[in-house]
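**Q** Sharing a structure, written as structure tokens. Questions coming.
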Amino acid sequence: MVITVAEDTGGVEVARPFIEAAKPAHPSLVDATHLVSELYDMVNVPTAVWIDEEGTIVRGPEPAGAEDSFRQMNHTTYVMPEAATAAIRDTQRAYSEAIRDWVAKGAASRYVTGAKVPEAASAEAADAARAAAEFRLGELLHSQGRPELAQRHFEEAKRLRPDSWNYKRQAWSLEEPMKSGGPEFWAAVDALGDRPYYPPIELEGRA
Amino acid sequence: MADTAIAYGRDPVSVLGDGDALWLDVRVLPGATGWELKPEGMCRGEVCVPIPPARAAEFVRDGQFNLRAFADHLGQPVVNEPAAGAWVIGEAAGDRASRLQGEAPDFELPDVSGALHRLSDHRGKKVLVVTWGSW
């Protein structure tokens, strides 16, 4: 069973055109408060988590077959070198094969690695907890028709949780349509340097 | 003056902001926060947190409960926007981490037709949850 979740403060109305175009056969849900990302400590899209028949997280969260070759894309024309396109396709294929392996073998699948539980006792964890509250406050203010006040608190969320691309891109898109994929986005991606945008998916599996 | 608060991921509720205190009618606590005031303290599920007897007046007054004092007591983040009288009480870092141990956190969300779907409705099947964004 696949369940997709749109992390969209704009709610059903902004997600609808994409969902209607894709005509998914699986439940395709809309999450106007980024609840799933908050519950599962997700910082980017697409992110996947594997849950078994008993409701136990058996893998993830992790990039859902996404990887960093997209960074080779031309920042204005959005044209990607052929090698980058091929690398992304390979990663998607490998990730899909890992999922199929789990579907066939269950707990015996080498790709069943367990949940990633975030560390709780650090200054970063306290900041992440506060960032989540600031982001929620930004969403509340946005829903109250106070976009400038909302951005103040989105800024706080972004500052406190710099690894969350969800916070950055959602806030940018509420500020101005398309800003989430514009020059500010590419500048932030380029500023990562050697650090990943999508951490590499571990597909070696257990021995 | 009535402010608006979101507590622990629940829906916004009207609260009474008074200096550092944030008062909410004890009777609406469970629906608004998931916590309930009982003789043994503030309880959520099987967990009860005693209210320090010497500080009881900070927490409960005239049938109102001080959400701010309780959040500070538990180390939960409290953020606000004074210009809008808007508050959010979030989860502490330890609670955010511990909910990923054990059963997958449940959620109920709508599809585009408005029909609600709950993750736990799919027990008995493997589930792949994938997030995306229109942005």
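Letters for chains follow the order of the structure tokens (A, B, ...), residue numbers begin at 1 for each chain, and ligand numbers begin at 1 in the order shown.
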Using only C-alpha atoms, I'd like every residue of chain A that has an atom within 7 Å of chain B; please write them out as a PDB file with C-alpha atoms, in the first residue's frame.

**A**
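Below is the file that was written, out-v8.pdb:
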ATOM      1  CA  MET A   1       0.000   0.000   0.000  1.00  0.00           C
ATOM      2  CA  VAL A   2       1.354   3.397  -1.006  1.00  0.00           C
ATOM      3  CA  ILE A   3       0.114   6.552   0.708  1.00  0.00           C
ATOM      4  CA  THR A   4       1.301   9.872  -0.651  1.00  0.00           C
ATOM      5  CA  VAL A   5       1.079  13.022   1.434  1.00  0.00           C
ATOM      6  CA  ALA A   6       1.271  16.560   0.061  1.00  0.00           C
ATOM      7  CA  GLU A   7       3.033  18.814   2.562  1.00  0.00           C
ATOM      8  CA  ASP A   8       1.211  21.984   1.545  1.00  0.00           C
ATOM      9  CA  VAL A  12      -6.266  20.844  -0.936  1.00  0.00           C
ATOM     10  CA  VAL A  14      -2.975  23.946  -4.281  1.00  0.00           C
ATOM     11  CA  ALA A  15      -2.366  20.188  -4.280  1.00  0.00           C
ATOM     12  CA  ARG A  16      -5.475  19.314  -6.282  1.00  0.00           C
ATOM     13  CA  SER A  28      -3.300  10.658  -1.966  1.00  0.00           C
ATOM     14  CA  LEU A  29      -3.581  12.880   1.097  1.00  0.00           C
ATOM     15  CA  VAL A  30      -3.113  16.580   1.718  1.00  0.00           C
ATOM     16  CA  ASP A  31      -1.355  17.749   4.868  1.00  0.00           C
ATOM     17  CA  LEU A  39       5.687  13.434  13.356  1.00  0.00           C
ATOM     18  CA  TYR A  40       8.393  11.603  11.419  1.00  0.00           C
ATOM     19  CA  VAL A  45      10.523  16.041  -0.106  1.00  0.00           C
ATOM     20  CA  PRO A  46      10.174  13.454  -1.430  1.00  0.00           C
ATOM     21  CA  THR A  47      10.784  11.544   1.781  1.00  0.00           C
ATOM     22  CA  ALA A  48       9.650   7.979   2.433  1.00  0.00           C
ATOM     23  CA  VAL A  49       9.179   5.794   5.448  1.00  0.00           C
ATOM     24  CA  TRP A  50       8.455   2.064   5.445  1.00  0.00           C
ATOM     25  CA  ILE A  51       5.851   0.736   7.906  1.00  0.00           C
ATOM     26  CA  ASP A  52       5.178  -2.982   8.324  1.00  0.00           C
ATOM     27  CA  GLU A  53       1.925  -4.905   8.896  1.00  0.00           C
ATOM     28  CA  GLU A  54       2.098  -4.329  12.665  1.00  0.00           C
ATOM     29  CA  GLY A  55       2.582  -0.601  12.271  1.00  0.00           C
ATOM     30  CA  THR A  56       6.290  -0.639  13.075  1.00  0.00           C
ATOM     31  CA  ILE A  57       8.651   1.671  11.204  1.00  0.00           C
ATOM     32  CA  ALA A  64      12.357   8.539  -1.658  1.00  0.00           C
ATOM     33  CA  VAL A 117      15.163   8.071  15.943  1.00  0.00           C
ATOM     34  CA  PRO A 118      16.409  11.632  16.242  1.00  0.00           C
ATOM     35  CA  GLU A 119      18.768  12.417  19.062  1.00  0.00           C
ATOM     36  CA  ALA A 120      16.889  14.213  21.864  1.00  0.00           C
ATOM     37  CA  ALA A 125      17.208  18.927  19.177  1.00  0.00           C
ATOM     38  CA  ALA A 126      15.890  21.729  21.407  1.00  0.00           C
ATOM     39  CA  ALA A 129      11.508  21.423  18.701  1.00  0.00           C
ATOM     40  CA  ARG A 130      11.277  25.213  18.884  1.00  0.00           C
ATOM     41  CA  ALA A 133       6.492  25.454  17.024  1.00  0.00           C
ATOM     42  CA  GLU A 134       7.612  28.571  15.105  1.00  0.00           C
ATOM     43  CA  LEU A 137       2.802  29.661  14.395  1.00  0.00           C
ATOM     44  CA  ARG A 169      10.665  26.132   0.399  1.00  0.00           C
ATOM     45  CA  GLN A 170       7.161  26.240   1.846  1.00  0.00           C
ATOM     46  CA  SER A 173       6.335  29.725  -1.944  1.00  0.00           C
ATOM     47  CA  SER A 180      10.803  27.998  -3.833  1.00  0.00           C
TER      48      SER A 180
END

**Q** Please give the complete set of residues from segment 21-108 of chain B that DSSP, run on the backbone, assigns to alpha helix (DSSP H), formatted as a list in words.

**A**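 Across segment 21-108 of chain B, those assigned alpha helix (DSSP H) are Leu29, Pro30, Gly31, Ala32, Thr33, Ala56, Ala57, Glu58, Phe59, Leu67, Arg68, Ala69, Phe70, Ala71, Asp72, His73, Leu74, Ala93, Gly94, Asp95, Arg96, Ala97 and Ser98 of chain B.
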
**Q** To one decimal in Å, tell me the separation between atom CA of Arg206 of chain A and atom CA of Ser96 of chain A.

**A** 17.1 Å

**Q** Skipping near chain neighbours, those fewer than 2 positions away, what residues fall within 12 Å of Thr113 of chain A using only C-alpha atoms, listed as a PyMOL selection string?

**A** chain A and resi 49-51+56-62+98+102+106-111+115-117+201-207

**Q** Convert the current residue selection to file output with N, CA and C atoms, as a tab-separated table (two decimals), in the first residue's frame.

**A**
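Result file is result.tsv:
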chain	number	residue	atom	x	y	z
A	49	VAL	N	8.98	6.63	4.27
A	49	VAL	CA	9.18	5.79	5.45
A	49	VAL	C	8.43	4.48	5.21
A	50	TRP	N	9.05	3.39	5.64
A	50	TRP	CA	8.45	2.06	5.45
A	50	TRP	C	7.84	1.60	6.77
A	51	ILE	N	6.57	1.17	6.71
A	51	ILE	CA	5.85	0.74	7.91
A	51	ILE	C	5.30	-0.68	7.65
A	56	THR	N	4.94	-0.99	12.61
A	56	THR	CA	6.29	-0.64	13.07
A	56	THR	C	7.08	-0.02	11.92
A	57	ILE	N	7.78	1.06	12.22
A	57	ILE	CA	8.65	1.67	11.20
A	57	ILE	C	9.85	0.74	11.00
A	58	VAL	N	10.04	0.27	9.78
A	58	VAL	CA	11.14	-0.66	9.54
A	58	VAL	C	12.27	-0.03	8.73
A	59	ARG	N	12.01	1.19	8.23
A	59	ARG	CA	13.09	1.88	7.52
A	59	ARG	C	12.69	3.35	7.34
A	60	GLY	N	13.69	4.21	7.48
A	60	GLY	CA	13.48	5.59	7.14
A	60	GLY	C	13.29	6.47	8.36
A	61	PRO	N	12.98	7.75	8.12
A	61	PRO	CA	12.74	8.38	6.83
A	61	PRO	C	14.03	8.65	6.04
A	62	GLU	N	13.86	8.71	4.73
A	62	GLU	CA	15.01	8.94	3.84
A	62	GLU	C	14.47	9.48	2.51
A	98	ALA	N	14.64	-2.02	-3.94
A	98	ALA	CA	14.74	-2.26	-2.49
A	98	ALA	C	13.34	-2.40	-1.88
A	102	TRP	N	11.65	-5.74	-0.01
A	102	TRP	CA	10.96	-5.72	1.31
A	102	TRP	C	9.55	-6.29	1.20
A	106	GLY	N	9.74	-9.20	3.54
A	106	GLY	CA	9.40	-8.67	4.86
A	106	GLY	C	10.63	-8.41	5.70
A	107	ALA	N	10.56	-8.81	6.98
A	107	ALA	CA	11.65	-8.51	7.93
A	107	ALA	C	12.98	-9.13	7.50
A	108	ALA	N	12.93	-10.16	6.62
A	108	ALA	CA	14.16	-10.80	6.17
A	108	ALA	C	14.87	-9.97	5.10
A	109	SER	N	14.19	-8.96	4.57
A	109	SER	CA	14.83	-8.13	3.54
A	109	SER	C	16.06	-7.42	4.11
A	110	ARG	N	17.12	-7.41	3.35
A	110	ARG	CA	18.35	-6.75	3.83
A	110	ARG	C	18.16	-5.24	3.96
A	111	TYR	N	17.09	-4.72	3.37
A	111	TYR	CA	16.87	-3.27	3.40
A	111	TYR	C	16.09	-2.82	4.62
A	115	ALA	N	13.91	2.18	12.32
A	115	ALA	CA	13.57	3.60	12.31
A	115	ALA	C	14.80	4.44	12.64
A	116	LYS	N	14.79	5.65	12.12
A	116	LYS	CA	15.83	6.62	12.52
A	116	LYS	C	15.22	7.48	13.62
A	117	VAL	N	15.70	7.28	14.82
A	117	VAL	CA	15.16	8.07	15.94
A	117	VAL	C	16.08	9.26	16.17
A	201	ILE	N	21.00	7.62	-0.16
A	201	ILE	CA	20.21	6.51	0.37
A	201	ILE	C	21.15	5.31	0.54
A	202	GLU	N	21.08	4.67	1.68
A	202	GLU	CA	21.95	3.52	1.91
A	202	GLU	C	21.27	2.26	1.36
A	203	LEU	N	21.80	1.78	0.23
A	203	LEU	CA	21.19	0.63	-0.43
A	203	LEU	C	22.08	-0.60	-0.42
A	204	GLU	N	23.17	-0.54	0.37
A	204	GLU	CA	23.99	-1.74	0.52
A	204	GLU	C	23.18	-2.79	1.28
A	205	GLY	N	22.40	-2.29	2.23
A	205	GLY	CA	21.61	-3.21	3.05
A	205	GLY	C	22.45	-3.92	4.09
A	206	ARG	N	21.77	-4.70	4.90
A	206	ARG	CA	22.48	-5.49	5.92
A	206	ARG	C	23.19	-6.65	5.21
A	207	ALA	N	24.29	-7.08	5.79
A	207	ALA	CA	25.04	-8.17	5.19
A	207	ALA	C	24.26	-9.47	5.33

**Q** One decimal, Å: what's the distance from atom CA of Leu67 of chain B over to atom CA of Cys48 of chain B, could you say?

**A**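 Separation of atom CA of Leu67 of chain B and atom CA of Cys48 of chain B: 15.3 Å.
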
**Q** At what distance in Å, to one decimal, does atom CA of Trp35 of chain B lie from atom CA of Met42 of chain A?

**A**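 So the answer is 25.9 Å.
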
**Q** Nearest to Gly181 of chain A among A:Phe154, A:Tyr198, A:Tyr167, A:Tyr78, with distances taken over only C-alpha atoms: which residue is it?

**A**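 Nearest candidate to Gly181 of chain A out of A:Phe154, A:Tyr198, A:Tyr167, A:Tyr78: A:Tyr78.
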
**Q** Counting only C-alpha atoms, figure out which residue out of B:Glu46, B:Asp72, B:Glu58, B:Asp18 gets nearest to Ala2 of chain B.

**A**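 The shortest atom-to-atom distance to Ala2 of chain B comes from B:Asp18.
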
**Q** Env of Pro39 of chain B: 12 Å cut, atoms = only C-alpha atoms, seq-sep filter 3 positions within chain, self excluded. Answer as a ChimeraX atom specification.

**A** /B:36,42-43,48-51,53

**Q** Residues near Arg61 of chain B, anyone? I mean within 12 Å using only C-alpha atoms, not counting same-chain ones fewer than 6 positions away, as a VMD selection string.

**A** chain B and resid 21 to 26 55 67

**Q** Nearest to Ala32 of chain B among B:Asp3, B:Val13, B:Ala69, B:Asp121, with distances taken over only C-alpha atoms: which residue is it?

**A**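 Under the stated criterion, the closest residue is B:Val13.
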
**Q** Nearest to Leu140 of chain A: which of A:Gly193, A:Thr33, A:Ile19, A:Pro27 is it, counting only C-alpha atoms?

**A**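 Residue with the minimum atom-to-atom distance to Leu140 of chain A: A:Thr33.
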
**Q** Of the candidates B:Gln64, B:Val47, B:Ala71, B:Arg10, which one gets nearest to Gly34 of chain B if we count only C-alpha atoms?

**A**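 For Gly34 of chain B, the nearest of the given residues is B:Arg10.
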
**Q** Excluding Arg159 of chain A and its own-chain neighbours fewer than 3 positions away, which residues fall within 10 Å of it when counting only C-alpha atoms? Please give them as a PDB file with C-alpha atoms, in the first residue's frame.

**A**
ATOM      1  CA  ASP A 127      16.196  24.140  18.475  1.00  0.00           C
ATOM      2  CA  ALA A 128      14.370  21.688  16.189  1.00  0.00           C
ATOM      3  CA  ALA A 131      11.513  25.470  15.077  1.00  0.00           C
ATOM      4  CA  HIS A 153       8.026  33.109  12.332  1.00  0.00           C
ATOM      5  CA  PHE A 154       8.901  31.089   9.235  1.00  0.00           C
ATOM      6  CA  GLU A 155      12.239  32.939   9.368  1.00  0.00           C
ATOM      7  CA  GLU A 156      12.702  31.792  12.954  1.00  0.00           C
ATOM      8  CA  PRO A 162      18.662  25.112   8.865  1.00  0.00           C
ATOM      9  CA  ASP A 163      18.543  21.540   7.518  1.00  0.00           C
ATOM     10  CA  SER A 164      14.796  21.743   6.818  1.00  0.00           C
ATOM     11  CA  TYR A 167      10.479  25.056   6.031  1.00  0.00           C
ATOM     12  CA  LYS A 168      12.525  27.071   3.537  1.00  0.00           C
TER      13      LYS A 168
END

**Q** Could you write out, as an MDAnalysis selection string, all the residues of segment 16-66 of chain B that DSSP marks as strand (DSSP E)?

**A** chainID B and resid 16:18 21:25 36:38 41:44 47:49 60:61 64:66
